[in-house]
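**Student:** Starting off with a structure, shown below.
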Number of protein chains: 2
Amino acid sequence: MLERSVEWIQGKKSRGMVKLIDQTRLPFSFEHVYIKNVDQMVEAIRTMVVRGAPAIGAAAGMGMALAAINSNAGSRDELMDRLAQAKRKLDVSRPTAVNLAWATSKILAKAKILDGKVPSIVRGVIHEARKIADEDVATNKRIGSHGAQLLSDGDMILTHCNAGAIATVGFGTALGVVRAAVAMGKQVTVLADETRPRLQGALLTCWEMQQEKIPVIHITDNQAGLLMKMGKVSKVLVGADRIVNDAVFNKVGTYGVAIMAKYHTIPFYVAAPRSTLDLGNTSKTVEIEQRDPAEVKTVFNKVRLSPDGVPAFNYAFDATPMELITGVITEDGVFTPDQLLSNYSEQSL
Amino acid sequence: MLERSVEWIQGKKSRGMVKLIDQTRLPFSFEHVYIKNVDQMVEAIRTMVVRGAPAIGAAAGMGMALAAINSNAGSRDELMDRLAQAKRKLDVSRPTAVNLAWATSKILAKAKILDGKVPSIVRGVIHEARKIADEDVATNKRIGSHGAQLLSDGDMILTHCNAGAIATVGFGTALGVVRAAVAMGKQVTVLADETRPRLQGALLTCWEMQQEKIPVIHITDNQAGLLMKMGKVSKVLVGADRIVNDAVFNKVGTYGVAIMAKYHTIPFYVAAPRSTLDLGNTSKTVEIEQRDPAEVKTVFNKVRLSPDGVPAFNYAFDATPMELITGVITEDGVFTPDQLLSNYSEQSL
């Protein structure tokens with residue numbers, strides 16, 4: 001089992017810091033980054049030291065805890081102001097993932113109902129942030145156990161980007177389903193779309209599966225269609241950054257994979273926690289993050305691709321409409337899109 | 001106008017060599033490679049110093065001429081043996097493109113019907129090889145003029161890989177159509193799929209369009225679906241390595257683009273010369289080239305991606321079934337798949 005990607009380190013009294021696995025260094029170097037204040041956390045999220053919707057949710061929650069600790073607030077009101085300010089910074093560090101705002105809202109709401117003096121509220125905020133991280137791991141294990149029922153012995157599972165242990169606090173969503181299936185004794189092979197431009201599939205999914213000794217094959221994004229045609233893809237399994245009432249937002253390229261899966265009548269599953277649900281919104285209301293074109297025009301600034309002066313698009317996410325989705329796996333079970341909407345619209349999240 | 005990518009340099013008497021633009025150096029360095037014998041030509045094709053189906057057809061034809069020159073054959077029979085041997089080497093240097101075998105067969109057939117002594121036959125072979133190259137440029141201009149009728153002012157044209165001037169002897173097939181439309185005064189923007197793993201779209205298509213001052217935008221292969229959904233793709237236009245009676249073989253990823261275009265009801269056109277047609281065969285009979293996994297596991301051996309020990313697939317081509325194709329543009333006009341089959345099955349190619 002991999003260590004947690006996001007971990008709270010409790011210091012003396014109400015001090016503390018956050019230990020992150022530096023995902024920009026994997027797989028060739030395994031290093032940590034220690035985060036001591038909210039600005040450092042914003043930067044870590046923005047530069048993708050920590051990435052993956054559930055992981056950045058937990059990281060943002062801990063960023064709120066750091067803001068509380070560092071506030072030196074003299075009053076309850078001052079502390080609430082500082083938390084609200086921290087929330088605003090964290091929420092825009094990556095615009096697409098909804099887990100971010102979900103976590104910061106949860107912390108802020110908790111702080112508001114806590115009684116007592118400032119130090120006691122700060123302790124309560126830290127407790128809540130750690131609880132979000134703990135619950136993420138438990139949630140993913142439940143997702144894994146529901147999803148594993150869908151996989152068969154011998155399956156070739158195509159996945160896009162990295163929805164693994166390091167995209168969460170631990171265990172993973174899409175790759176958590178694979179882990180759970182393997183733990184049940186099923187033989188499963190993962191086909192990892194490399195996922196340009198940041199190549200999280202090649203770098204992270206391949207590394208993570210190799211760590212667990214689960215067979216994995218690295219493919220270029222361009223080979224997915226051919227491999228489906230050749231019968232080498234049994235199912236597609238991806239994570240999600242945000243699920244609205246008509247679509248699933250996930251790493252750019254997911255939409256194309258879903259269209260190709262539909263064309264070949266291959267099941268397409270999304271594995272994601274309830275914290276990813278934003279069913280009160282539609283895809284039209286979601287801003288798709290555009291990142292630096294340099295990520296496209298080079299490979300990690302190490303290899304130049306298109307010549308200077310040629311513009312590049314770098315949309316980081318796309319929206320896969322519900323009609324292309326076979327099922328969504330949450331901690332509560334497996335749902336068709338219709339079931340998902342009816343089940344979760346009836347409960348407050 | 002770019003210089004020819006494949007050019008015969010005539011020496012004294014019946015000597016000569018071939019000047020190639022080194023496409024592995026573009027776009028950051030413009031260099032030539034001079035080829036003096038058939039083994040050097042096989043290596044240049046294999047390592048993609050020269051690439052693109054029509055360009056490697058012309059290069060292979062010139063490889064036959066070099067074999068004739070270097071044969072020092074004492075008799076007509078000996079010369080024919082040497083040519084047959086050269087053809088065998090050249091034909092397997094890249095297995096998917098049919099233009100290769102088309103050109104070498106054409107030269108061999110020509111040699112067989114030439115009268116006279118060895119030196120005279122050698123001169124005839126050189127003449128035939130140069131004629132193939134000249135005709136390629138003329139053919140592409142005709143493809144361009146037919147295809148340009150299909151493009152409208154303001155079109156955003158998505159293309160995959162590089163079917164440009166440097167993929168041919170000159171002018172290009174898919175990008176020749178763009179050139180011809182621009183020459184007619186139409187405003188056209190090219191969206192260049194970068195085309196992992198060899199990134200010909202980013203490196204070559206972007207460079208070529210920039211040279212011609214035609215607007216081009218570099219995109220990752222993963223963004224094609226999203227951009228179609230956003231209404232940023234008017235038409236898809238690609239080249240071909242081989243057209244059989246049920247499918248078009250082209251750079252891997254073309255098939256996925258075609259599926260996505262169909263889903264969005266965006267027209268999908270293939271531009272290719274008659275020499276690409278192999279309508280007597282079906283897709284089942286075509287071997288798809290598998291290249292070194294290191295091309296996938298790294299970016300040009302400069303950046304490592306997946307960890308050591310993780311296998312990778314590197315299929316270089318895929319087959320797009322005729323049902324996904326709106327039209328095929330040849331030097332004779334624009335054909336629906338049905339028209340293509342009926343038109344060309346009635347004539348000998």
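Identifiers for the structure tokens are assigned positionally: chains receive A, B, ... in sequence, residues are indexed from 1 per chain, and ligands are indexed from 1 in the order shown.
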Using DSSP on the backbone, list every residue of stretch 200-346 of chain A that comes out as alpha helix (DSSP H), and give them as number ranges by chain.
**Tutor:** A: 200, 206-211, 224-229, 254-263, 294-297, 337-345
**Student:** Kindly determine which residues of chain A lie within 6 Å of chain B, considering only C-alpha atoms, and give the answer as a list in words.
**Tutor:**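 Every residue meeting the condition is included here: Ala202, Leu203, Cys206, Ile217, His218, Ile219, Asn222, Gln223, Gly225, Leu226, Val252, Gly253, Gly256, Leu305, Ser306, Pro311, Ala312, Phe313 and Asp318 of chain A.
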**Student:** Those selected residues, please, written with N, CA, C and O atoms and delivered as a compact mmCIF listing (two decimals), in the first residue's frame.
**Tutor:**
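Final file, selection.txt:
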```txt
# COMPACT_ATOMS: atom_id res chain seq x y z
N ALA A 202 1.10 7.93 -18.26
CA ALA A 202 2.40 7.29 -18.42
C ALA A 202 3.21 7.36 -17.13
O ALA A 202 3.82 6.38 -16.70
N LEU A 203 3.22 8.54 -16.52
CA LEU A 203 4.09 8.75 -15.37
C LEU A 203 3.50 8.14 -14.10
O LEU A 203 4.21 7.46 -13.36
N CYS A 206 1.11 4.24 -14.65
CA CYS A 206 2.05 3.12 -14.87
C CYS A 206 2.88 2.85 -13.61
O CYS A 206 3.06 1.71 -13.20
N ILE A 217 0.05 -1.58 -19.26
CA ILE A 217 0.69 -1.33 -20.56
C ILE A 217 0.51 0.15 -20.89
O ILE A 217 -0.61 0.67 -20.85
N HIS A 218 1.59 0.80 -21.20
CA HIS A 218 1.58 2.22 -21.57
C HIS A 218 1.18 2.34 -23.04
O HIS A 218 1.77 1.70 -23.90
N ILE A 219 0.16 3.14 -23.33
CA ILE A 219 -0.20 3.41 -24.73
C ILE A 219 -0.27 4.92 -24.96
O ILE A 219 -0.58 5.68 -24.04
N ASN A 222 -3.38 8.12 -28.83
CA ASN A 222 -3.80 7.83 -30.20
C ASN A 222 -4.12 6.37 -30.48
O ASN A 222 -4.70 6.06 -31.52
N GLN A 223 -3.69 5.46 -29.61
CA GLN A 223 -3.89 4.04 -29.89
C GLN A 223 -5.20 3.48 -29.32
O GLN A 223 -5.53 2.32 -29.57
N GLY A 225 -8.40 3.90 -29.93
CA GLY A 225 -9.40 3.45 -30.91
C GLY A 225 -8.99 2.13 -31.55
O GLY A 225 -9.78 1.18 -31.63
N LEU A 226 -7.75 2.06 -32.00
CA LEU A 226 -7.25 0.84 -32.63
C LEU A 226 -7.35 -0.35 -31.67
O LEU A 226 -7.80 -1.44 -32.06
N VAL A 252 -8.94 16.15 -20.08
CA VAL A 252 -9.22 16.28 -21.51
C VAL A 252 -8.80 15.00 -22.25
O VAL A 252 -7.75 14.43 -21.97
N GLY A 253 -9.66 14.56 -23.15
CA GLY A 253 -9.44 13.31 -23.87
C GLY A 253 -10.41 12.23 -23.41
O GLY A 253 -10.69 11.28 -24.15
N GLY A 256 -13.36 11.89 -25.83
CA GLY A 256 -13.05 11.13 -27.04
C GLY A 256 -13.04 9.63 -26.77
O GLY A 256 -13.56 8.84 -27.55
N LEU A 305 8.38 21.32 -29.10
CA LEU A 305 7.64 20.64 -30.17
C LEU A 305 7.36 21.63 -31.29
O LEU A 305 8.18 21.84 -32.16
N SER A 306 6.20 22.30 -31.28
CA SER A 306 5.92 23.23 -32.39
C SER A 306 6.83 24.46 -32.30
O SER A 306 7.26 24.85 -31.22
N PRO A 311 0.59 29.23 -32.04
CA PRO A 311 -0.20 29.16 -30.80
C PRO A 311 -0.63 27.72 -30.50
O PRO A 311 -0.58 26.85 -31.38
N ALA A 312 -1.01 27.49 -29.27
CA ALA A 312 -1.50 26.16 -28.88
C ALA A 312 -2.69 26.31 -27.95
O ALA A 312 -2.75 27.24 -27.16
N PHE A 313 -3.65 25.39 -28.07
CA PHE A 313 -4.72 25.31 -27.09
C PHE A 313 -4.27 24.39 -25.97
O PHE A 313 -3.58 23.39 -26.21
N ASP A 318 -12.56 18.01 -20.28
CA ASP A 318 -13.70 18.03 -21.20
C ASP A 318 -14.90 17.41 -20.49
O ASP A 318 -14.78 16.89 -19.38
```
**Student:** If you count only C-alpha atoms, which residues fall within 9 Å of stretch 149-159 of chain B, apart from same-chain ones fewer than 4 positions away, as a PyMOL selection string?
**Tutor:** chain B and resi 144-145+163+174-175+177-178+181+185-193+201+205+224+232-239+254+334
**Student:** Filtering to N, CA and C atoms, could you give me those residues as a PDB file, in the first residue's frame?
**Tutor:**
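What follows is the written file out.pdb:
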```pdb
ATOM      1  N   GLY B 144      -5.022  19.047 -54.761  1.00  0.00           N
ATOM      2  CA  GLY B 144      -5.279  20.329 -54.106  1.00  0.00           C
ATOM      3  C   GLY B 144      -6.394  21.081 -54.789  1.00  0.00           C
ATOM      4  N   SER B 145      -6.375  21.075 -56.114  1.00  0.00           N
ATOM      5  CA  SER B 145      -7.375  21.877 -56.806  1.00  0.00           C
ATOM      6  C   SER B 145      -8.776  21.256 -56.696  1.00  0.00           C
ATOM      7  N   ALA B 163       0.466  15.365 -43.587  1.00  0.00           N
ATOM      8  CA  ALA B 163       0.257  14.970 -44.985  1.00  0.00           C
ATOM      9  C   ALA B 163       0.518  16.220 -45.814  1.00  0.00           C
ATOM     10  N   ALA B 174      -3.154  16.314 -47.979  1.00  0.00           N
ATOM     11  CA  ALA B 174      -4.133  17.048 -47.151  1.00  0.00           C
ATOM     12  C   ALA B 174      -3.742  18.521 -47.045  1.00  0.00           C
ATOM     13  N   LEU B 175      -2.469  18.799 -46.758  1.00  0.00           N
ATOM     14  CA  LEU B 175      -2.066  20.206 -46.647  1.00  0.00           C
ATOM     15  C   LEU B 175      -1.968  20.870 -48.021  1.00  0.00           C
ATOM     16  N   VAL B 177      -4.302  20.503 -50.192  1.00  0.00           N
ATOM     17  CA  VAL B 177      -5.683  21.003 -50.315  1.00  0.00           C
ATOM     18  C   VAL B 177      -5.809  22.348 -49.591  1.00  0.00           C
ATOM     19  N   VAL B 178      -5.224  22.425 -48.393  1.00  0.00           N
ATOM     20  CA  VAL B 178      -5.247  23.687 -47.648  1.00  0.00           C
ATOM     21  C   VAL B 178      -4.516  24.780 -48.440  1.00  0.00           C
ATOM     22  N   ALA B 181      -6.612  25.975 -51.295  1.00  0.00           N
ATOM     23  CA  ALA B 181      -7.745  26.800 -50.856  1.00  0.00           C
ATOM     24  C   ALA B 181      -7.273  28.199 -50.496  1.00  0.00           C
ATOM     25  N   GLY B 185      -7.776  32.294 -52.125  1.00  0.00           N
ATOM     26  CA  GLY B 185      -8.221  33.441 -51.337  1.00  0.00           C
ATOM     27  C   GLY B 185      -9.093  33.081 -50.147  1.00  0.00           C
ATOM     28  N   LYS B 186      -9.241  31.785 -49.873  1.00  0.00           N
ATOM     29  CA  LYS B 186     -10.047  31.392 -48.718  1.00  0.00           C
ATOM     30  C   LYS B 186      -9.209  31.501 -47.442  1.00  0.00           C
ATOM     31  N   GLN B 187      -9.838  32.004 -46.396  1.00  0.00           N
ATOM     32  CA  GLN B 187      -9.202  32.078 -45.079  1.00  0.00           C
ATOM     33  C   GLN B 187      -9.431  30.753 -44.370  1.00  0.00           C
ATOM     34  N   VAL B 188      -8.362  30.045 -44.080  1.00  0.00           N
ATOM     35  CA  VAL B 188      -8.480  28.736 -43.450  1.00  0.00           C
ATOM     36  C   VAL B 188      -7.491  28.654 -42.287  1.00  0.00           C
ATOM     37  N   THR B 189      -7.941  28.085 -41.183  1.00  0.00           N
ATOM     38  CA  THR B 189      -7.029  27.842 -40.054  1.00  0.00           C
ATOM     39  C   THR B 189      -6.872  26.342 -39.880  1.00  0.00           C
ATOM     40  N   VAL B 190      -5.643  25.905 -39.661  1.00  0.00           N
ATOM     41  CA  VAL B 190      -5.372  24.484 -39.463  1.00  0.00           C
ATOM     42  C   VAL B 190      -5.212  24.204 -37.973  1.00  0.00           C
ATOM     43  N   LEU B 191      -5.946  23.185 -37.489  1.00  0.00           N
ATOM     44  CA  LEU B 191      -5.722  22.664 -36.142  1.00  0.00           C
ATOM     45  C   LEU B 191      -4.871  21.421 -36.301  1.00  0.00           C
ATOM     46  N   ALA B 192      -3.657  21.456 -35.776  1.00  0.00           N
ATOM     47  CA  ALA B 192      -2.728  20.343 -35.967  1.00  0.00           C
ATOM     48  C   ALA B 192      -2.700  19.444 -34.738  1.00  0.00           C
ATOM     49  N   ASP B 193      -3.297  18.253 -34.865  1.00  0.00           N
ATOM     50  CA  ASP B 193      -3.115  17.209 -33.829  1.00  0.00           C
ATOM     51  C   ASP B 193      -1.621  16.948 -33.715  1.00  0.00           C
ATOM     52  N   GLY B 201       2.675  16.079 -36.234  1.00  0.00           N
ATOM     53  CA  GLY B 201       1.757  17.214 -36.347  1.00  0.00           C
ATOM     54  C   GLY B 201       2.362  18.471 -35.735  1.00  0.00           C
ATOM     55  N   THR B 205       3.740  19.646 -39.315  1.00  0.00           N
ATOM     56  CA  THR B 205       2.584  20.383 -39.837  1.00  0.00           C
ATOM     57  C   THR B 205       2.628  21.837 -39.366  1.00  0.00           C
ATOM     58  N   ALA B 224      -9.026  16.977 -29.489  1.00  0.00           N
ATOM     59  CA  ALA B 224      -9.825  16.976 -30.720  1.00  0.00           C
ATOM     60  C   ALA B 224     -11.326  16.883 -30.429  1.00  0.00           C
ATOM     61  N   LYS B 232     -15.326  24.232 -32.948  1.00  0.00           N
ATOM     62  CA  LYS B 232     -14.095  24.793 -33.492  1.00  0.00           C
ATOM     63  C   LYS B 232     -13.502  23.957 -34.629  1.00  0.00           C
ATOM     64  N   VAL B 233     -14.200  22.928 -35.058  1.00  0.00           N
ATOM     65  CA  VAL B 233     -13.703  22.100 -36.169  1.00  0.00           C
ATOM     66  C   VAL B 233     -14.762  22.068 -37.265  1.00  0.00           C
ATOM     67  N   SER B 234     -14.446  22.646 -38.444  1.00  0.00           N
ATOM     68  CA  SER B 234     -15.408  22.634 -39.554  1.00  0.00           C
ATOM     69  C   SER B 234     -15.326  21.331 -40.344  1.00  0.00           C
ATOM     70  N   LYS B 235     -14.106  20.880 -40.578  1.00  0.00           N
ATOM     71  CA  LYS B 235     -13.876  19.681 -41.382  1.00  0.00           C
ATOM     72  C   LYS B 235     -12.613  18.998 -40.903  1.00  0.00           C
ATOM     73  N   VAL B 236     -12.539  17.694 -41.109  1.00  0.00           N
ATOM     74  CA  VAL B 236     -11.298  16.965 -40.866  1.00  0.00           C
ATOM     75  C   VAL B 236     -10.722  16.579 -42.225  1.00  0.00           C
ATOM     76  N   LEU B 237      -9.418  16.695 -42.341  1.00  0.00           N
ATOM     77  CA  LEU B 237      -8.733  16.447 -43.620  1.00  0.00           C
ATOM     78  C   LEU B 237      -7.423  15.742 -43.294  1.00  0.00           C
ATOM     79  N   VAL B 238      -7.288  14.508 -43.768  1.00  0.00           N
ATOM     80  CA  VAL B 238      -6.072  13.739 -43.475  1.00  0.00           C
ATOM     81  C   VAL B 238      -5.522  13.117 -44.754  1.00  0.00           C
ATOM     82  N   GLY B 239      -4.317  12.618 -44.700  1.00  0.00           N
ATOM     83  CA  GLY B 239      -3.733  11.860 -45.792  1.00  0.00           C
ATOM     84  C   GLY B 239      -4.004  10.373 -45.601  1.00  0.00           C
ATOM     85  N   THR B 254      -5.939   8.356 -36.367  1.00  0.00           N
ATOM     86  CA  THR B 254      -6.865   8.832 -37.398  1.00  0.00           C
ATOM     87  C   THR B 254      -8.249   8.221 -37.201  1.00  0.00           C
ATOM     88  N   VAL B 334     -13.212  14.211 -56.367  1.00  0.00           N
ATOM     89  CA  VAL B 334     -13.655  13.868 -55.012  1.00  0.00           C
ATOM     90  C   VAL B 334     -14.677  12.745 -55.133  1.00  0.00           C
TER      91      VAL B 334
END
```
**Student:** Could you state the separation of atom CA of B:Asp241 and atom CA of B:Ala272 in Å, given to one decimal place?
**Tutor:**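 Taking atom CA of B:Asp241 and atom CA of B:Ala272, their separation equals 8.2 Å.
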